[in-house]
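Visitor: Starting off with a structure, shown below.
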Amino acid sequence: MATSITTTSGANHLTLEPNPTQQHQQRTSTLRNVRPFLIGGLSGMLATTCVQPLDMIKVRLQLSDQGTKHTVKPSSLTVARAILSQGRISDFYQGLTAALARQIVYGTCRLGFFITFEDALKTRAENNKTTYGFPQRAFASVCAGGLAAAIGNPTEVALIRMQSDGLRPIGQREGFRSVVDAVIRITRSEGLFALWGGCAPTVIRAIATNFGQLAFFSESKHQLRAHTNWSEQAQTLTASAIGGFCAAFFSMPFDFVKSRLQSQQNAQGSRGKYNGMFGCIVKVVREEGLLRFSRGFPAYFSRMAPHSVISLVIMDKLASIFK
């Protein structure tokens with residue numbers, strides 16, 4: 001580090017002081033590196049708060065009628081009515097602390113990594129005088145999603161457990177008070193590795209989600225800028241809606257498997273109903289039919305689309321403000 005030297009009179013005493021210019025540069029560099037993660041976490045938390053009721057309905061649909069193939073299938077409306085009949089409107093926000101914790105970890109990492117990877121790939125393309133296109137956007141999105149999902153899996157498990165608790169008989173409900181309570185109790189009763197239950201489908205789902213959402217959002221916005229005269233806001237809204245649909249389309253089967261695996265409770269050393277991701281897929285197809293994976297798509301899309309629009313619009317706006 002460059003320093004300035006000051007000498008005190010009357011003594012040969014040297015004081016080394018940091019160079020103010022270099023200190024400022026270091027602070028700026030640190031802020032530049034941290035900024036994408038702060039933007040990602042904030043945008044994800046705001047979006048999650050808005051769509052939490054839809055996420056609750058989606059999870060309940062995925063976990064209803066397990067092991068049955070020829071029963072009357074519940075709809076989003078019947079699930080919503082059932083939740084209301086059990087308590088208050090606030091029950092739709094059951095598991096919100098876990099959902100926000102998930103965004104603090106997963107949301108912060110996935111959008112932060114994506115912005116960081118995308119900026120690095122753009123810089124590399126400029127230096128090499130090559131094109132930055134959809135393959136590079138896809139690479140940045142899947143890497144960001146996979147890494148973030150692996151890091152944030154414990155919050156996923158806590159969220160699913162809290163949201164599915166209301167489906168159990170009253171005497172068997174855990175009654176988790178918060179995400180911290182859920183994590184502690186799951187670890188005590190099932191072991192630490194239970195927090196990474198369903199990690200494989202979670203990572204695959206995140207890769208599919210981020211490929212659909214971030215890669216198509218970035219590419220759509222690039223194409224809209226090149227071929228339309230729309231305003232910046234219109235381009236961002238349209239691109240985020242496209243990203244939301246693609247995210248839901250690519251990720252729903254993996255989200256279904258993830259919910260099933262993470263909702264099951266296993267005592268330490270015991271095996272649950274589903275033996276891994278592929279075991280879950282085979283069992284569901286055999287017992288409930290192939291179309292079971294697509295049940296609840298309207299609820300899933302209704303949750304995914306606004307979450308994508310809100311989070312991506314906020315991310316884009318914050319990124320432009322704090323350039």
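Chain labels follow the order of the structure tokens: the first chain is A, the next B, and so on; residue numbering restarts at 1 in every chain, and ligands are counted from 1 in their shown order.
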Residues at most 12 Å from stretch 307-313 of chain A, counting only C-alpha atoms, excluding those fewer than 6 positions away in the same chain, as a PyMOL selection string?
Guide: chain A and resi 39-55+103+107-108+110-111+114-115+209-210+212-218+221+232-248+300-301+319-320
Visitor: Pick from A:Asp165, A:Asp181, A:Glu126, A:Asp316: nearest to A:Ile83, with only C-alpha atoms counted?
Guide: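 Of all the options, A:Asp165 lies closest to A:Ile83.
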Visitor: Of the residues A:Val183, A:Met304, A:Leu159, A:Ala150, which is the one nearest to A:Pro201, using only C-alpha atoms?
Guide: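 Between A:Val183, A:Met304, A:Leu159, A:Ala150, the residue approaching A:Pro201 most closely is A:Ala150.
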Visitor: If we count only C-alpha atoms and set the cut-off at 8 Å, which residues sit around stretch 30-35 of chain A, ignoring sequence neighbours fewer than 5 positions away in its own chain? Please answer as number ranges by chain.
Guide: A: 112, 116, 322
Visitor: Could you write out, as a PyMOL selection string, all the residues of stretch 60-289 of chain A that DSSP marks as helix (DSSP H, G or I)?
Guide: chain A and resi 60-63+76-86+89-93+96-128+134-167+170-172+179-190+192-196+199-227+232-263+276-288
Visitor: Identify, on the basis of only C-alpha atoms, every residue whose closest approach to A:Ala149 does not exceed 10 Å; exclude the query and any residue fewer than 2 positions from it along the same chain; express the result as an NGL selection string.
Guide: :A and (102 or 105-107 or 109-110 or 144-147 or 151-156 or 199-207)
Visitor: So that I can check the surroundings of stretch 118-125 of chain A, please list as a VMD selection string every protein, DNA and RNA residue that reaches within 8 Å of it, counting only C-alpha atoms and ignoring chain neighbours fewer than 5 positions away.
Guide: chain A and resid 130 to 132 136 to 137 140
Visitor: Convert the current residue selection to file output with N, CA and C atoms, as a JSON list (two decimals), in the first residue's frame.
Guide:
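Result saved to result-v1.json:
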[["chain", "number", "residue", "atom", "x", "y", "z"],
["A", 130, "THR", "N", -14.54, -10.24, -29.01],
["A", 130, "THR", "CA", -15.50, -11.26, -29.42],
["A", 130, "THR", "C", -16.90, -10.82, -29.02],
["A", 131, "THR", "N", -17.89, -11.61, -29.39],
["A", 131, "THR", "CA", -19.28, -11.26, -29.13],
["A", 131, "THR", "C", -19.75, -11.85, -27.81],
["A", 132, "TYR", "N", -20.46, -11.03, -27.05],
["A", 132, "TYR", "CA", -21.13, -11.52, -25.84],
["A", 132, "TYR", "C", -22.59, -11.77, -26.20],
["A", 136, "GLN", "N", -23.18, -17.08, -23.61],
["A", 136, "GLN", "CA", -22.49, -16.54, -22.43],
["A", 136, "GLN", "C", -23.49, -16.17, -21.33],
["A", 137, "ARG", "N", -24.63, -15.63, -21.73],
["A", 137, "ARG", "CA", -25.67, -15.31, -20.75],
["A", 137, "ARG", "C", -26.19, -16.58, -20.07],
["A", 140, "ALA", "N", -23.57, -17.86, -17.56],
["A", 140, "ALA", "CA", -23.57, -17.06, -16.33],
["A", 140, "ALA", "C", -24.78, -17.40, -15.47]]
Visitor: Any idea what the distance is between atom CA of A:Arg295 and atom CA of A:Phe254?
Guide: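 About the pair atom CA of A:Arg295 and atom CA of A:Phe254: they are 12.7 Å apart.
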